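Reproduced below: start-v4.cif, with mmCIF, C-alpha atoms and all ligand atoms.
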data_final
#
loop_
_atom_site.label_atom_id
_atom_site.label_comp_id
_atom_site.auth_asym_id
_atom_site.auth_seq_id
_atom_site.Cartn_x
_atom_site.Cartn_y
_atom_site.Cartn_z
CA MET A 1 12.20 74.85 179.21
CA HIS A 2 14.07 72.66 176.80
CA VAL A 3 12.79 74.65 173.84
CA LEU A 4 13.93 77.91 175.41
CA ILE A 5 17.42 76.61 175.91
CA GLU A 6 17.64 75.61 172.31
CA ILE A 7 16.48 79.03 171.17
CA PHE A 8 19.00 80.91 173.26
CA LEU A 9 22.00 78.71 172.63
CA VAL A 10 22.90 80.16 169.27
CA VAL A 11 26.62 80.74 169.60
CA GLN A 12 28.58 78.09 167.83
CA ILE A 13 31.71 76.77 169.39
CA ASN A 14 34.78 75.53 167.56
CA ASP A 15 33.76 71.87 167.19
CA ASN A 16 37.34 70.88 166.55
CA TYR A 17 38.04 71.19 170.27
CA LEU A 18 35.74 68.23 170.84
CA LYS A 19 38.04 66.05 168.78
CA LEU A 20 40.85 66.50 171.32
CA LYS A 21 41.41 63.38 173.32
CA ALA A 22 39.76 63.68 176.72
CA GLY A 23 42.42 62.05 178.89
CA TYR A 24 45.17 64.50 178.14
CA LEU A 25 48.49 63.34 179.48
CA PHE A 26 49.42 65.75 182.26
CA PRO A 27 45.95 66.12 183.81
CA GLU A 28 45.72 62.32 183.98
CA ILE A 29 49.13 62.15 185.67
CA SER A 30 48.03 64.81 188.18
CA ARG A 31 44.84 62.89 188.88
CA ARG A 32 46.76 59.71 189.70
CA ILE A 33 49.30 61.60 191.85
CA LYS A 34 46.50 63.33 193.75
CA LEU A 35 44.74 60.04 194.42
CA PHE A 36 47.97 58.42 195.59
CA SER A 37 48.88 61.36 197.84
CA GLU A 38 45.45 61.40 199.43
CA GLN A 39 45.79 57.72 200.26
CA ASN A 40 49.45 58.03 201.29
CA PRO A 41 49.86 61.50 202.78
CA GLU A 42 53.14 60.58 204.51
CA VAL A 43 54.94 59.60 201.31
CA ASN A 44 57.37 62.05 199.76
CA LEU A 45 57.11 61.69 195.97
CA ILE A 46 60.00 62.56 193.67
CA ARG A 47 58.83 64.10 190.44
CA LEU A 48 60.82 63.43 187.30
CA GLY A 49 57.75 63.93 185.16
CA ILE A 50 56.78 67.28 183.69
CA GLY A 51 59.51 69.01 181.67
CA ASP A 52 59.96 72.08 183.84
CA VAL A 53 63.32 73.31 185.10
CA THR A 54 64.02 73.44 188.83
CA GLU A 55 67.17 75.54 189.31
CA PRO A 56 67.17 79.34 189.81
CA LEU A 57 67.71 81.83 186.98
CA PRO A 58 71.30 82.69 186.00
CA LYS A 59 72.54 85.59 188.12
CA ALA A 60 73.42 87.61 185.00
CA CYS A 61 69.78 87.49 183.88
CA CYS A 62 68.48 88.54 187.30
CA LYS A 63 70.93 91.43 187.43
CA ALA A 64 69.95 92.64 183.96
CA MET A 65 66.26 92.46 184.85
CA GLN A 66 66.80 94.34 188.12
CA ILE A 67 68.55 97.13 186.25
CA ALA A 68 65.72 97.16 183.69
CA ILE A 69 63.10 97.48 186.43
CA GLU A 70 64.99 100.45 187.89
CA GLU A 71 65.13 102.07 184.45
CA MET A 72 61.40 101.58 183.99
CA GLY A 73 60.84 103.63 187.14
CA THR A 74 62.60 106.67 185.71
CA LYS A 75 61.42 109.29 183.25
CA ILE A 76 64.15 108.63 180.69
CA GLY A 77 64.46 104.88 181.19
CA PHE A 78 60.76 104.13 180.86
CA HIS A 79 59.65 101.87 177.98
CA GLY A 80 56.12 101.52 176.72
CA TYR A 81 55.15 99.25 173.84
CA GLY A 82 58.28 97.92 172.22
CA PRO A 83 58.65 96.66 168.66
CA GLU A 84 56.38 93.64 168.10
CA GLN A 85 59.37 91.78 166.65
CA GLY A 86 61.55 92.34 169.70
CA TYR A 87 64.17 94.96 170.55
CA GLN A 88 66.95 95.31 168.01
CA TRP A 89 69.70 94.69 170.60
CA LEU A 90 68.23 91.29 171.51
CA ARG A 91 67.70 90.30 167.88
CA ASP A 92 71.29 91.37 167.14
CA ALA A 93 72.65 89.29 170.02
CA ILE A 94 70.65 86.23 168.94
CA SER A 95 71.70 86.55 165.33
CA LYS A 96 75.34 86.98 166.30
CA TRP A 97 75.71 84.28 168.95
CA ASP A 98 73.22 81.62 167.91
CA TYR A 99 73.62 81.89 164.13
CA GLN A 100 76.47 83.93 162.62
CA ARG A 101 78.96 82.37 165.03
CA ARG A 102 77.89 78.93 163.79
CA GLY A 103 78.22 79.96 160.18
CA CYS A 104 74.48 80.42 159.61
CA SER A 105 73.61 83.58 157.70
CA ILE A 106 70.50 84.39 159.76
CA THR A 107 70.10 88.15 160.21
CA ALA A 108 68.54 90.05 163.11
CA GLU A 109 65.56 90.95 160.88
CA GLU A 110 64.75 87.26 160.48
CA ILE A 111 64.37 86.81 164.24
CA PHE A 112 61.02 87.36 165.92
CA VAL A 113 61.20 87.54 169.72
CA SER A 114 58.18 86.10 171.52
CA ASP A 115 56.89 84.94 174.88
CA GLY A 116 57.28 81.25 174.11
CA SER A 117 57.86 78.49 171.63
CA LYS A 118 54.70 76.75 172.69
CA CYS A 119 52.64 79.64 171.35
CA ASP A 120 54.85 80.25 168.32
CA SER A 121 54.79 76.62 167.21
CA SER A 122 50.97 76.68 167.45
CA ASN A 123 50.45 80.19 166.07
CA ILE A 124 52.52 79.52 162.98
CA LEU A 125 49.46 77.76 161.58
CA ASP A 126 47.85 81.23 161.25
CA VAL A 127 49.96 81.95 158.18
CA LEU A 128 49.74 78.48 156.65
CA GLY A 129 46.88 77.10 154.56
CA LYS A 130 44.45 74.44 155.68
CA SER A 131 45.05 71.96 152.89
CA ASN A 132 48.70 71.30 153.73
CA ARG A 133 49.56 67.68 154.43
CA ILE A 134 51.22 67.51 157.82
CA ALA A 135 53.73 65.05 159.22
CA VAL A 136 54.66 64.65 162.88
CA THR A 137 56.87 62.14 164.62
CA ASP A 138 55.33 59.57 166.92
CA PRO A 139 55.96 60.02 169.85
CA VAL A 140 55.68 63.79 169.62
CA TYR A 141 55.47 67.02 171.66
CA PRO A 142 51.64 67.12 171.95
CA VAL A 143 51.42 70.86 171.10
CA TYR A 144 52.12 70.25 167.39
CA VAL A 145 49.28 67.77 167.09
CA ASP A 146 46.71 69.53 169.25
CA SER A 147 47.21 72.91 167.54
CA ASN A 148 46.45 71.22 164.22
CA VAL A 149 43.37 69.55 165.69
CA MET A 150 42.07 72.83 167.16
CA THR A 151 42.37 74.65 163.85
CA GLY A 152 40.47 71.97 161.95
CA ARG A 153 43.42 70.49 160.11
CA THR A 154 42.68 66.89 161.11
CA GLY A 155 39.81 64.45 161.24
CA GLU A 156 38.80 62.50 164.31
CA ALA A 157 41.15 60.50 166.53
CA GLY A 158 41.15 56.73 166.04
CA GLN A 159 41.31 54.02 168.71
CA ASP A 160 45.08 54.39 168.96
CA GLY A 161 44.79 58.15 169.43
CA GLN A 162 46.16 58.98 165.98
CA TYR A 163 44.23 61.65 164.10
CA GLU A 164 42.91 61.15 160.62
CA GLY A 165 44.69 63.36 158.14
CA LEU A 166 48.05 63.54 159.95
CA ILE A 167 51.03 61.52 158.78
CA TYR A 168 52.82 59.88 161.68
CA LEU A 169 56.52 59.06 161.45
CA PRO A 170 57.39 56.52 164.13
CA ILE A 171 60.63 57.00 166.06
CA ASN A 172 61.62 54.00 168.14
CA ALA A 173 64.45 51.65 169.02
CA VAL A 174 63.94 49.74 165.75
CA ASN A 175 64.81 52.75 163.56
CA GLY A 176 67.31 54.16 166.05
CA PHE A 177 64.91 57.05 166.82
CA GLU A 178 65.56 58.46 163.39
CA ALA A 179 62.46 59.89 161.71
CA GLN A 180 62.21 58.25 158.29
CA ILE A 181 61.49 60.37 155.21
CA PRO A 182 57.81 59.74 154.33
CA LYS A 183 56.94 57.88 151.13
CA GLU A 184 54.02 60.23 150.43
CA ASN A 185 54.30 63.94 149.74
CA VAL A 186 53.93 66.11 152.80
CA ASP A 187 53.97 69.90 152.96
CA LEU A 188 54.78 70.57 156.61
CA ILE A 189 57.05 68.50 158.79
CA TYR A 190 57.47 69.09 162.52
CA LEU A 191 60.89 68.03 163.77
CA CYS A 192 62.22 68.51 167.29
CA PHE A 193 65.91 67.81 167.97
CA PRO A 194 67.26 67.20 170.56
CA ASN A 195 63.96 65.45 170.93
CA ASN A 196 61.30 65.79 173.56
CA PRO A 197 60.31 63.14 174.68
CA THR A 198 62.88 60.57 173.48
CA GLY A 199 66.10 62.54 174.01
CA ALA A 200 67.18 61.48 170.51
CA VAL A 201 69.31 63.78 168.35
CA ALA A 202 69.62 64.34 164.61
CA SER A 203 73.04 64.33 162.94
CA LYS A 204 73.93 66.71 160.15
CA SER A 205 73.52 63.96 157.58
CA GLN A 206 70.02 63.13 158.88
CA LEU A 207 68.94 66.76 158.74
CA LYS A 208 70.50 67.07 155.30
CA LYS A 209 68.14 64.34 154.07
CA TRP A 210 65.18 66.31 155.45
CA VAL A 211 66.31 69.56 153.87
CA GLU A 212 66.76 67.81 150.53
CA TYR A 213 63.31 66.25 150.84
CA ALA A 214 61.74 69.59 151.75
CA LYS A 215 63.44 71.40 148.89
CA SER A 216 62.52 68.82 146.27
CA ASN A 217 58.89 68.61 147.50
CA ASP A 218 58.39 72.34 148.19
CA ALA A 219 57.75 71.43 151.80
CA ILE A 220 58.56 73.40 154.95
CA ILE A 221 60.26 71.99 158.04
CA LEU A 222 59.09 73.39 161.38
CA PHE A 223 62.21 72.81 163.46
CA ASP A 224 61.98 73.02 167.24
CA ALA A 225 65.43 73.46 168.77
CA ALA A 226 64.32 74.19 172.35
CA TYR A 227 66.97 71.79 173.67
CA GLU A 228 69.95 72.75 171.49
CA ALA A 229 71.92 73.99 174.52
CA PHE A 230 71.98 70.43 175.89
CA ILE A 231 73.99 69.10 172.94
CA GLN A 232 77.32 67.75 174.22
CA ASP A 233 78.57 66.15 171.01
CA ASP A 234 80.30 68.84 168.94
CA SER A 235 79.52 67.11 165.65
CA LEU A 236 75.76 67.59 166.10
CA PRO A 237 73.99 70.59 164.55
CA HIS A 238 72.42 73.12 166.95
CA SER A 239 70.32 74.73 164.24
CA ILE A 240 68.64 73.49 161.07
CA TYR A 241 70.34 76.43 159.30
CA GLU A 242 73.68 74.68 159.71
CA ILE A 243 72.44 72.62 156.75
CA ASP A 244 72.89 74.21 153.32
CA GLY A 245 69.61 75.26 151.76
CA ALA A 246 67.63 75.18 155.02
CA SER A 247 66.87 78.89 154.84
CA GLU A 248 64.70 78.16 151.80
CA CYS A 249 62.69 75.45 153.56
CA ALA A 250 62.74 75.78 157.35
CA ILE A 251 61.37 77.79 160.23
CA GLU A 252 63.17 77.39 163.56
CA PHE A 253 61.72 77.74 167.06
CA ARG A 254 64.05 78.52 169.96
CA SER A 255 63.36 79.27 173.58
CA PHE A 256 65.15 80.57 176.67
CA SER A 257 62.98 78.24 178.78
CA LYS A 258 65.29 75.27 179.08
CA ASN A 259 68.81 76.69 178.64
CA ALA A 260 68.36 79.72 180.91
CA GLY A 261 65.45 78.51 183.05
CA PHE A 262 62.95 81.01 181.59
CA THR A 263 59.94 78.65 181.81
CA GLY A 264 58.28 81.08 184.21
CA THR A 265 59.95 84.25 182.91
CA ARG A 266 58.86 83.69 179.27
CA CYS A 267 61.03 84.52 176.32
CA ALA A 268 61.64 82.69 173.05
CA PHE A 269 62.09 83.45 169.38
CA THR A 270 61.19 82.17 165.95
CA VAL A 271 63.39 82.42 162.89
CA ILE A 272 61.71 83.00 159.54
CA PRO A 273 64.31 83.47 156.81
CA GLN A 274 63.39 86.10 154.25
CA SER A 275 64.08 83.61 151.47
CA LEU A 276 61.36 81.23 152.71
CA LYS A 277 58.43 81.09 150.31
CA GLY A 278 54.96 79.61 150.23
CA LYS A 279 52.30 79.95 147.59
CA THR A 280 48.82 81.43 147.44
CA SER A 281 45.83 79.33 146.41
CA GLU A 282 46.34 80.83 142.94
CA GLY A 283 49.92 79.59 142.88
CA GLN A 284 51.68 82.91 143.40
CA GLU A 285 54.87 82.88 145.52
CA ILE A 286 54.74 84.82 148.78
CA ASP A 287 57.41 85.13 151.45
CA LEU A 288 56.35 83.86 154.87
CA TRP A 289 58.42 86.49 156.69
CA SER A 290 55.98 89.22 155.63
CA LEU A 291 52.97 87.19 156.70
CA TRP A 292 54.42 86.37 160.11
CA ASN A 293 55.52 89.98 160.56
CA ARG A 294 51.96 91.06 159.80
CA ARG A 295 50.54 88.40 162.10
CA GLN A 296 52.76 89.41 165.01
CA SER A 297 52.15 93.14 164.48
CA THR A 298 48.39 92.56 164.59
CA LYS A 299 48.04 89.93 167.30
CA PHE A 300 51.07 90.43 169.54
CA ASN A 301 52.48 93.39 171.42
CA GLY A 302 55.92 92.09 172.20
CA VAL A 303 57.73 90.72 175.22
CA SER A 304 58.30 93.02 178.18
CA TYR A 305 61.40 95.21 178.06
CA ILE A 306 62.52 93.76 181.40
CA VAL A 307 62.37 90.17 180.22
CA GLN A 308 64.12 90.96 176.94
CA ARG A 309 66.97 92.56 178.92
CA GLY A 310 67.10 89.34 180.94
CA ALA A 311 67.28 87.29 177.74
CA GLU A 312 69.99 89.55 176.32
CA ALA A 313 72.12 88.78 179.38
CA VAL A 314 72.16 85.11 178.35
CA TYR A 315 74.65 86.22 175.68
CA SER A 316 76.94 88.19 178.02
CA GLU A 317 80.21 86.51 179.04
CA GLU A 318 78.85 85.97 182.54
CA GLY A 319 75.51 84.74 181.21
CA LYS A 320 77.08 82.28 178.80
CA SER A 321 79.16 80.67 181.52
CA GLN A 322 76.22 80.51 183.94
CA VAL A 323 73.97 78.90 181.32
CA LYS A 324 76.73 76.42 180.58
CA GLU A 325 76.90 75.58 184.27
CA LEU A 326 73.13 75.09 184.50
CA VAL A 327 73.12 72.83 181.48
CA SER A 328 76.03 70.78 182.86
CA PHE A 329 74.19 70.42 186.13
CA TYR A 330 71.15 68.90 184.43
CA MET A 331 73.27 66.80 182.10
CA LYS A 332 75.09 65.31 185.09
CA ASN A 333 71.65 64.34 186.41
CA ALA A 334 70.87 62.73 183.07
CA GLU A 335 74.15 60.82 183.22
CA ILE A 336 73.32 59.52 186.71
CA ILE A 337 69.84 58.46 185.58
CA ARG A 338 71.24 56.65 182.55
CA ALA A 339 74.01 54.89 184.45
CA GLU A 340 71.84 53.82 187.37
CA LEU A 341 69.04 52.53 185.17
CA MET A 342 71.43 50.60 182.97
CA THR A 343 72.93 49.01 186.07
CA ALA A 344 69.39 48.09 187.09
CA GLY A 345 68.97 46.31 183.76
CA PHE A 346 66.82 48.79 181.85
CA HIS A 347 67.26 49.64 178.19
CA VAL A 348 67.76 53.39 178.17
CA TYR A 349 67.94 55.90 175.32
CA GLY A 350 68.58 59.63 175.11
CA GLY A 351 69.96 61.60 178.03
CA GLN A 352 73.33 62.26 176.38
CA ASN A 353 72.51 65.40 174.43
CA ALA A 354 69.10 66.11 175.95
CA PRO A 355 67.67 66.39 179.46
CA TYR A 356 65.35 63.42 178.90
CA VAL A 357 66.02 59.74 179.38
CA TRP A 358 63.69 57.43 177.45
CA ILE A 359 63.31 54.01 178.99
CA LYS A 360 62.00 50.79 177.48
CA VAL A 361 59.58 49.48 180.09
CA PRO A 362 60.03 45.83 181.10
CA GLU A 363 58.56 43.44 178.50
CA ASP A 364 55.22 42.52 179.98
CA LEU A 365 54.16 46.02 181.05
CA ASP A 366 52.58 48.92 179.22
CA SER A 367 53.52 52.57 179.86
CA TRP A 368 50.71 53.36 182.29
CA THR A 369 51.19 50.14 184.28
CA PHE A 370 54.84 51.08 184.65
CA PHE A 371 53.80 54.59 185.69
CA ASP A 372 51.58 53.12 188.44
CA LEU A 373 54.32 50.73 189.53
CA LEU A 374 56.88 53.54 189.89
CA LEU A 375 54.34 55.76 191.64
CA ASN A 376 53.13 53.14 194.10
CA LYS A 377 56.28 51.12 194.75
CA ALA A 378 59.14 53.58 194.19
CA ASN A 379 57.23 56.81 194.84
CA VAL A 380 58.78 58.29 191.72
CA VAL A 381 56.74 60.14 189.09
CA GLY A 382 57.68 59.91 185.42
CA THR A 383 55.77 60.27 182.16
CA PRO A 384 54.22 57.34 180.28
CA GLY A 385 55.52 57.20 176.70
CA SER A 386 52.07 56.42 175.32
CA GLY A 387 51.00 59.92 176.36
CA PHE A 388 53.20 61.28 173.57
CA GLY A 389 51.68 59.08 170.87
CA ALA A 390 50.81 55.51 169.95
CA ALA A 391 54.43 54.61 169.16
CA GLY A 392 55.45 55.77 172.65
CA GLU A 393 53.65 52.77 174.13
CA GLY A 394 56.12 50.56 175.96
CA TYR A 395 58.37 53.50 176.80
CA PHE A 396 58.68 55.90 179.70
CA ARG A 397 60.25 59.36 180.05
CA LEU A 398 62.32 60.52 183.02
CA SER A 399 63.46 64.11 183.09
CA ALA A 400 66.81 65.35 184.41
CA PHE A 401 65.21 68.55 185.71
CA ASN A 402 65.53 68.14 189.47
CA SER A 403 67.99 68.56 192.32
CA ARG A 404 70.94 66.17 192.53
CA ASP A 405 69.68 64.76 195.81
CA ASN A 406 66.25 64.01 194.36
CA VAL A 407 67.74 62.38 191.28
CA ARG A 408 70.01 60.15 193.38
CA ALA A 409 67.19 59.26 195.77
CA ALA A 410 64.85 58.47 192.87
CA MET A 411 67.43 56.13 191.33
CA THR A 412 67.97 54.33 194.64
CA ARG A 413 64.23 53.83 194.95
CA ILE A 414 63.92 52.47 191.41
CA LYS A 415 66.88 50.14 191.87
CA ASN A 416 65.30 48.77 195.05
CA LEU A 417 62.05 47.92 193.27
C1 LIG B 1 59.83 73.18 176.74
C2 LIG B 1 59.65 73.10 175.28
C3 LIG B 1 59.53 74.24 174.50
C4 LIG B 1 59.61 75.62 175.11
O1 LIG B 1 58.36 76.19 175.17
P1 LIG B 1 58.19 77.65 175.80
O2 LIG B 1 56.78 78.00 175.46
O3 LIG B 1 59.18 78.54 175.11
O4 LIG B 1 58.43 77.56 177.26
C5 LIG B 1 59.38 74.11 173.14
N1 LIG B 1 59.36 72.89 172.56
C6 LIG B 1 59.47 71.77 173.27
C7 LIG B 1 59.45 70.48 172.57
C8 LIG B 1 59.60 71.84 174.65
O5 LIG B 1 59.70 70.72 175.35
#

Represent the supplied structure as structure tokens.
Amino acid sequence: MHVLIEIFLVVQINDNYLKLKAGYLFPEISRRIKLFSEQNPEVNLIRLGIGDVTEPLPKACCKAMQIAIEEMGTKIGFHGYGPEQGYQWLRDAISKWDYQRRGCSITAEEIFVSDGSKCDSSNILDVLGKSNRIAVTDPVYPVYVDSNVMTGRTGEAGQDGQYEGLIYLPINAVNGFEAQIPKENVDLIYLCFPNNPTGAVASKSQLKKWVEYAKSNDAIILFDAAYEAFIQDDSLPHSIYEIDGASECAIEFRSFSKNAGFTGTRCAFTVIPQSLKGKTSEGQEIDLWSLWNRRQSTKFNGVSYIVQRGAEAVYSEEGKSQVKELVSFYMKNAEIIRAELMTAGFHVYGGQNAPYVWIKVPEDLDSWTFFDLLLNKANVVGTPGSGFGAAGEGYFRLSAFNSRDNVRAAMTRIKNL
């Protein structure tokens, strides 16, 4: 029998998947919540853990999508496959409102509409070589790391969970959550500001240092600006392209998930400036725009017409004010979390230009012990910092995505610990 099995099992799997750390963060959180709820079925948990929005879609988006559905049911309003890059009217609106208005010379052609930044920030590796040296912050949005692991760009994970072959840039209270320019040469740098999970932001002068580094090392910055709408401080950049020279060294990922609550509706976009170049293994310069355009045309068939009409409405007068209202709602939550936790004696970071508050856990505890304490004693769910990387140990993330009542109740419970 054994022999037979060996003969028939001939299909090779992608071994890189086996390098992924088994106890992935969110499944482990779910496991502990499930166990707790089974033992304490009467307890009402408040979840400030996973980064999903809770409030309904802006009315302007719903209205636009309803109209689009009606159109789709008519002979002349029907739409089949759309352009793989997104409809021109959406790309025009994005270019105008998110870029030109901020003085960035990003054109509609440089915008690729997609169904999410999670996929785009992983898929981008399709057009990039395997020998690039890659830097990520620690803690980090796990997608950047795992997509590199899956495509064979790393070695094995060590005891601390860090993968061989990646360069980790710690961000913590000691360096003011500012990613330090690496001493070694790196080719690709993932930056996410406002940051998930720490809620930290990057000033123009910090990003300028990165752009200068990238330009002088022929590196590319992969800039995730999923939380730009949460920026309250007018001096902070919303886009990497607000920095001179960034269009020669940066790709930007943006999403409608967090500003307009599209986590379940799905729409995002990636900006690849036409002036952005890489080189072939023979050393010839090639623009990445053409490669990504080819990649999307081959592997992607676009976002639904209905959803793109919904996204377009984000830029209408009504849409802009409704998105602003949504963002203010969550930011008020963040303010409450910050204030209450500070009163309770915690060291808190972030939460002022991002929907995440990053807490230093009390001295003698680690992140998971603090998770269990909050779960069992306060009946509040958060996210252990160590789940985002080795340097997240000793920290804890609370998200501002919840109702006001839940946020207030959660804070009362934590203060009563
Ligand atoms: C939520 C989030 C996104 C958005 O991902 P989508 O796939 O567009 O929903 C991107 N980056 C980070 C860091 C996020 O937290």

Exercise for the section: Using only C-alpha atoms and all ligand atoms, find each residue with an atom at most 9 Å away from ligand LIG 1 (chain B) and format the answer as a ChimeraX atom specification. Expected result: /A:51-52,114-121,140-144,192-197,224-227,253-258,262-269

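Computed from the coordinates, the atom CA of Met342 of chain A to atom CA of Glu28 of chain A distance equals 28.3 Å.
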
Centre and size of axis-aligned box enclosing segment 385-402 of chain A plus 6 Å each side, as JSON:
{"center_x": 58.8, "center_y": 59.6, "center_z": 179.3, "size_x": 28.0, "size_y": 30.0, "size_z": 32.3}

Problem - Point-to-point distance in Å for atom CA of Ala354 of chain A and atom CA of Val43 of chain A - result: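 Atom-to-atom, atom CA of Val43 of chain A to atom CA of Ala354 of chain A, that is 29.8 Å.
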
Exercise for the section: Within 8 Å of segment 270-283 of chain A, counting all atoms listed in the file, which residues show up once you throw out same-chain ones fewer than 2 positions away? Write them as a count of residues only, please. Expected result: 22

Practice task
To one decimal in Å, tell me the separation between atom CA of Gly155 of chain A and atom CA of Tyr395 of chain A.
Solution key: 26.6 Å

Practice task
Would you mind telling me which residue in A:Asn40, A:Ile94, A:Lys19, A:Val127 lies nearest to Ser290 of chain A when using only C-alpha atoms?
Solution key: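 The shortest atom-to-atom distance to Ser290 of chain A comes from A:Val127.
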
Handout entry: Residue nearest Gly392 of chain A among A:Ala311, A:Val407, A:Leu375, A:Ala173 (counting all atoms listed in the file)
Key = A:Ala173

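Minimum distance to Asn259 of chain A across A:Ile69, A:Met331, A:Val10, A:Leu166 (counting all atoms listed in the file) occurs at A:Met331.
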
Handout entry: Which residue of A:Gln162, A:Asn14, A:Asn185, A:Asn376 approaches Asn44 of chain A most closely, using only C-alpha atoms
Key = A:Asn376

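Among the candidates A:Lys96, A:Lys21, A:Arg294, A:Lys320, the one nearest to Met150 of chain A when counting all atoms listed in the file is A:Lys21.
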
Problem - Nearest candidate to Ala93 of chain A (options A:Thr74, A:Thr107, A:Ser321, A:Asn172; using all atoms listed in the file) - result: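 That would be A:Thr107, the residue with the smallest distance to Ala93 of chain A.
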
Practice task
Write out as a list in words the residues lying within 8 Å of segment 217-221 of chain A, counting all atoms listed in the file and excluding same-chain residues fewer than 2 positions away.
Solution key: Asn185, Val186, Asp187, Leu188, Ile189, Tyr190, Leu191, Trp210, Val211, Tyr213, Ala214, Lys215, Phe223, Cys249, Ala250 and Ile251 of chain A

Write a file of the just-selected residues containing C-alpha atoms, as a compact mmCIF listing (two decimals), keeping the file's coordinate frame.
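Result file follows (again.txt):
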# COMPACT_ATOMS: atom_id res chain seq x y z
CA ASN A 185 54.30 63.94 149.74
CA VAL A 186 53.93 66.11 152.80
CA ASP A 187 53.97 69.90 152.96
CA LEU A 188 54.78 70.57 156.61
CA ILE A 189 57.05 68.50 158.79
CA TYR A 190 57.47 69.09 162.52
CA LEU A 191 60.89 68.03 163.77
CA TRP A 210 65.18 66.31 155.45
CA VAL A 211 66.31 69.56 153.87
CA TYR A 213 63.31 66.25 150.84
CA ALA A 214 61.74 69.59 151.75
CA LYS A 215 63.44 71.40 148.89
CA PHE A 223 62.21 72.81 163.46
CA CYS A 249 62.69 75.45 153.56
CA ALA A 250 62.74 75.78 157.35
CA ILE A 251 61.37 77.79 160.23

Handout entry: Residues within 9 Å of Ala344 of chain A, all atoms listed in the file, excluding chain neighbours under 6 positions, as a PyMOL selection string
Key = chain A and resi 414-416
